[in-house]
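Written out below as structure tokens is the structure these notes cover.
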Amino acid sequence: MSEALLDIQDLHLEFDTFDGVAKVLAGVNLTLERGDVLGLVGETGCGKSMTALAIPRLISMPPGRITNGQILFNGEDLLQRPTGSMQQFRARHLGMIFQDPTTNLNPLFTIREQLVDAVLYQQANVKSVPGRWRGFLPSARQMRKEAQSRAIELMGLVGIPDAELRINDYPHQFSGGMRQRVLIAMALAGEPDLLIADEPTTALDVTIQAQILRLIRSLVHQLGLTVLLITHNLGVVANTCDKVAVMYSGRVIEQAPVRDLFHQPAHPYTQGLIRAVPSGSTSRGGLQGIPGLIPNLIDPPQGCRFHPRCPQVLEHCASQVPGPGAIGSDHLAFCHLYPEGA
């Protein structure tokens, strides 16, 4: 087994709302090993994005509040790191790609201004120069020139043609897929250990989605990246990821290598998700949905949160939170059907 880069243990996150306290994350356990591409999947509102934002500590507190757990990055608990040092940590170790490239680039500035600023921001937070050497630092003009060269290099790395010319364009002169490539270039400016991609293809058409996913996969091989890919699309996971973690109502309920999960889904919720995916042999009206409704996070069910909808519910599912049961090598299911430690 390779070295664990990220290990989230029993993470609990709450939000204060007008209606009460929403228990958004209720004991998330997630392990991401160095060099892996792990897909985090689940329906809308299950806590995927909140888990991703909790890692670099980008959740506003208040109204958010982490009440328990650890986020171990290379063995260090990020929740114990001083707030003032998190900006430098993010610049050095983490890159993030968000959902909509249209809203994450400023339409008033050129790609040059935005990408060069991203490179300079990374350099300002990573470089540490002793006081006696500060007189030998390059001038601001020289630093910006070097940052522009790096920006053009990054644009080429993510497959933007004629980067020397296109760097002077505005975001509206780029297609949606090219804007997403710019955001990926920004995320790579600091040569991160972990790239977090939160639904990076949601706003793109199917053909461009495939191109962006192939790009992410190629960058993994070229740069040795570790990727946490958040999506609700099981097809994306099957074609892009090495491993997959399935979330339901604020908890990871199954984690496995991709092939194992699709060939031997263990948790009843995972089985339901896979049955709901159409295939070439699915007839009209042949899809099977999961009965019931997702739980209210302000007043969620006790025990296993899926038990009100589960076709294989046991008596103690309503009172006891299930621990991890081993199905096979690297395959865990948090379900009473598979006793903890078995």
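Quick note on naming: the chains in the structure tokens go A, B, ... in the order shown, residues restart at 1 in each chain, and ligands are numbered from 1 in order of appearance.
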(message) Report as a VMD selection string all protein, DNA and RNA residues lying within 8 Å of range 3-7 of chain A, evaluated on only C-alpha atoms, omitting residues in the same chain fewer than 3 positions from it.
(response) chain A and resid 29 to 34 70 to 75
(request) Tell me which protein, DNA and RNA residues are within 9 Å of Cys335 in chain A, counting only C-alpha atoms, leaving out same-chain ones fewer than 6 positions away, and put them as a PyMOL selection string. (result) chain A and resi 253-254+266-268+304+317+321-325
(request) For Ile298 in chain A, work out the shell of residues within 12 Å, counting only C-alpha atoms and skipping chain neighbours fewer than 4 positions away, then give it as a VMD selection string. (result) chain A and resid 14 to 26 249 to 250 294 302
Those residues with all heavy atoms, as a CSV table (one decimal), in the first residue's frame please?
```
chain,number,residue,atom,x,y,z
A,14,GLU,N,-20.8,21.3,11.4
A,14,GLU,CA,-22.1,21.8,11.6
A,14,GLU,C,-22.2,23.2,11.1
A,14,GLU,O,-21.2,24.0,11.0
A,14,GLU,CB,-22.5,21.8,13.1
A,14,GLU,CG,-22.5,20.5,13.7
A,14,GLU,CD,-22.8,20.5,15.2
A,14,GLU,OE1,-22.8,21.7,15.8
A,14,GLU,OE2,-23.1,19.5,15.8
A,15,PHE,N,-23.5,23.6,10.7
A,15,PHE,CA,-23.8,25.0,10.3
A,15,PHE,C,-25.0,25.5,11.0
A,15,PHE,O,-26.0,24.8,11.2
A,15,PHE,CB,-24.1,25.1,8.8
A,15,PHE,CG,-22.8,25.2,7.9
A,15,PHE,CD1,-22.2,24.1,7.5
A,15,PHE,CD2,-22.4,26.4,7.5
A,15,PHE,CE1,-21.0,24.2,6.7
A,15,PHE,CE2,-21.2,26.5,6.7
A,15,PHE,CZ,-20.6,25.4,6.3
A,16,ASP,N,-24.8,26.7,11.5
A,16,ASP,CA,-26.0,27.4,12.2
A,16,ASP,C,-26.9,28.0,11.1
A,16,ASP,O,-26.4,28.7,10.2
A,16,ASP,CB,-25.5,28.5,13.1
A,16,ASP,CG,-24.7,28.0,14.3
A,16,ASP,OD1,-25.1,27.0,14.8
A,16,ASP,OD2,-23.7,28.7,14.7
A,17,THR,N,-28.2,27.6,11.1
A,17,THR,CA,-29.1,28.1,10.1
A,17,THR,C,-30.3,28.7,10.9
A,17,THR,O,-30.4,28.6,12.1
A,17,THR,CB,-29.7,27.0,9.2
A,17,THR,OG1,-30.5,26.1,10.0
A,17,THR,CG2,-28.5,26.1,8.7
A,18,PHE,N,-31.2,29.3,10.2
A,18,PHE,CA,-32.4,29.9,10.8
A,18,PHE,C,-33.3,28.9,11.4
A,18,PHE,O,-34.0,29.1,12.3
A,18,PHE,CB,-33.2,30.7,9.7
A,18,PHE,CG,-32.5,32.0,9.3
A,18,PHE,CD1,-32.1,32.2,8.0
A,18,PHE,CD2,-32.3,33.0,10.2
A,18,PHE,CE1,-31.4,33.3,7.6
A,18,PHE,CE2,-31.7,34.2,9.8
A,18,PHE,CZ,-31.2,34.4,8.5
A,19,ASP,N,-33.3,27.6,10.8
A,19,ASP,CA,-34.1,26.6,11.3
A,19,ASP,C,-33.5,25.7,12.4
A,19,ASP,O,-34.1,24.8,13.0
A,19,ASP,CB,-34.6,25.7,10.2
A,19,ASP,CG,-35.3,26.4,9.1
A,19,ASP,OD1,-36.2,27.3,9.5
A,19,ASP,OD2,-35.1,26.2,7.9
A,20,GLY,N,-32.2,25.9,12.7
A,20,GLY,CA,-31.5,25.1,13.6
A,20,GLY,C,-30.1,24.8,13.2
A,20,GLY,O,-29.5,25.4,12.3
A,21,VAL,N,-29.5,23.8,13.8
A,21,VAL,CA,-28.1,23.4,13.5
A,21,VAL,C,-28.1,22.2,12.5
A,21,VAL,O,-28.7,21.2,12.8
A,21,VAL,CB,-27.3,23.0,14.8
A,21,VAL,CG1,-25.9,22.5,14.4
A,21,VAL,CG2,-27.3,24.1,15.8
A,22,ALA,N,-27.5,22.5,11.3
A,22,ALA,CA,-27.5,21.4,10.3
A,22,ALA,C,-26.2,20.6,10.4
A,22,ALA,O,-25.1,21.2,10.4
A,22,ALA,CB,-27.5,22.1,8.9
A,23,LYS,N,-26.3,19.3,10.6
A,23,LYS,CA,-25.2,18.4,10.8
A,23,LYS,C,-24.7,18.0,9.4
A,23,LYS,O,-25.1,16.9,8.9
A,23,LYS,CB,-25.6,17.3,11.7
A,23,LYS,CG,-26.0,17.8,13.1
A,23,LYS,CD,-26.6,16.6,13.9
A,23,LYS,CE,-27.1,17.2,15.3
A,23,LYS,NZ,-28.3,18.1,15.1
A,24,VAL,N,-23.9,18.8,8.8
A,24,VAL,CA,-23.6,18.6,7.4
A,24,VAL,C,-22.6,17.4,7.2
A,24,VAL,O,-22.8,16.7,6.2
A,24,VAL,CB,-23.0,19.9,6.8
A,24,VAL,CG1,-22.5,19.7,5.4
A,24,VAL,CG2,-24.0,21.0,6.9
A,25,LEU,N,-21.6,17.3,8.0
A,25,LEU,CA,-20.7,16.2,8.0
A,25,LEU,C,-20.8,15.5,9.3
A,25,LEU,O,-20.7,16.2,10.4
A,25,LEU,CB,-19.3,16.6,7.7
A,25,LEU,CG,-19.0,17.4,6.4
A,25,LEU,CD1,-17.5,17.7,6.3
A,25,LEU,CD2,-19.4,16.5,5.2
A,26,ALA,N,-21.0,14.2,9.3
A,26,ALA,CA,-21.3,13.5,10.6
A,26,ALA,C,-20.4,12.3,10.7
A,26,ALA,O,-20.8,11.1,10.8
A,26,ALA,CB,-22.8,13.0,10.6
A,249,SER,N,-25.4,11.6,2.9
A,249,SER,CA,-25.9,12.4,4.0
A,249,SER,C,-24.8,12.7,5.1
A,249,SER,O,-24.9,12.4,6.2
A,249,SER,CB,-27.0,11.7,4.7
A,249,SER,OG,-27.6,12.5,5.8
A,250,GLY,N,-23.6,13.2,4.5
A,250,GLY,CA,-22.6,13.6,5.4
A,250,GLY,C,-21.6,12.5,5.9
A,250,GLY,O,-20.8,12.8,6.8
A,294,ILE,N,-34.0,12.0,0.8
A,294,ILE,CA,-32.8,12.2,1.6
A,294,ILE,C,-33.1,12.8,2.9
A,294,ILE,O,-34.1,13.6,3.1
A,294,ILE,CB,-31.8,13.1,0.8
A,294,ILE,CG1,-32.4,14.5,0.5
A,294,ILE,CG2,-31.3,12.4,-0.4
A,294,ILE,CD1,-31.5,15.4,-0.1
A,302,GLN,N,-31.2,8.7,13.5
A,302,GLN,CA,-30.2,8.1,14.4
A,302,GLN,C,-29.6,6.9,13.7
A,302,GLN,O,-30.1,6.3,12.8
A,302,GLN,CB,-30.8,7.8,15.7
A,302,GLN,CG,-31.3,9.0,16.5
A,302,GLN,CD,-30.2,10.0,16.8
A,302,GLN,OE1,-29.2,9.6,17.4
A,302,GLN,NE2,-30.5,11.2,16.5
```
(message) Under the rule that only C-alpha atoms are counted, which of A:Ala318, A:Arg57, A:Ile290, A:Ile97 is the nearest residue to Gln80 in chain A?
(response)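 Among the listed residues, A:Arg57 lies closest to Gln80 in chain A.
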(request) Tell me which of A:Glu76, A:Glu113, A:Asp100, A:Asp169 sits closest to Pro200 in chain A, counting only C-alpha atoms. (result)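 Among the listed residues, the smallest separation from Pro200 in chain A belongs to A:Asp100.
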(request) Name the residues in contact with Gln173 in chain A at a cut-off of 12 Å, using only C-alpha atoms, excluding same-chain residues fewer than 2 positions from it; report them as a ChimeraX atom specification. (result) /A:102,105,107-111,166-171,175-179
With C-alpha atoms retained, write the just-selected residues as a PDB file, in the first residue's frame.
```
ATOM      1  CA  THR A 102     -17.422  31.378 -16.275  1.00  0.00           C
ATOM      2  CA  LEU A 105     -12.376  34.250 -13.914  1.00  0.00           C
ATOM      3  CA  PRO A 107     -14.115  39.340 -16.976  1.00  0.00           C
ATOM      4  CA  LEU A 108     -12.421  42.740 -16.472  1.00  0.00           C
ATOM      5  CA  PHE A 109      -8.852  41.414 -16.525  1.00  0.00           C
ATOM      6  CA  THR A 110      -6.846  39.590 -19.156  1.00  0.00           C
ATOM      7  CA  ILE A 111      -5.696  36.020 -18.731  1.00  0.00           C
ATOM      8  CA  ARG A 166      -3.723  34.069 -26.116  1.00  0.00           C
ATOM      9  CA  ILE A 167      -2.387  35.129 -22.741  1.00  0.00           C
ATOM     10  CA  ASN A 168      -3.390  38.683 -23.724  1.00  0.00           C
ATOM     11  CA  ASP A 169      -7.037  37.714 -24.328  1.00  0.00           C
ATOM     12  CA  TYR A 170      -9.943  38.306 -21.959  1.00  0.00           C
ATOM     13  CA  PRO A 171     -11.953  35.387 -20.519  1.00  0.00           C
ATOM     14  CA  SER A 175     -14.520  28.850 -24.823  1.00  0.00           C
ATOM     15  CA  GLY A 176     -15.794  27.174 -21.658  1.00  0.00           C
ATOM     16  CA  GLY A 177     -13.287  24.355 -22.014  1.00  0.00           C
ATOM     17  CA  MET A 178     -10.385  26.765 -22.514  1.00  0.00           C
ATOM     18  CA  ARG A 179     -11.461  28.818 -19.474  1.00  0.00           C
TER      19      ARG A 179
END
```
(message) Could you tell me how far CA of His316 in chain A sits from CA of Gln288 in chain A, in Å to one decimal place?
(response) 26.5 Å
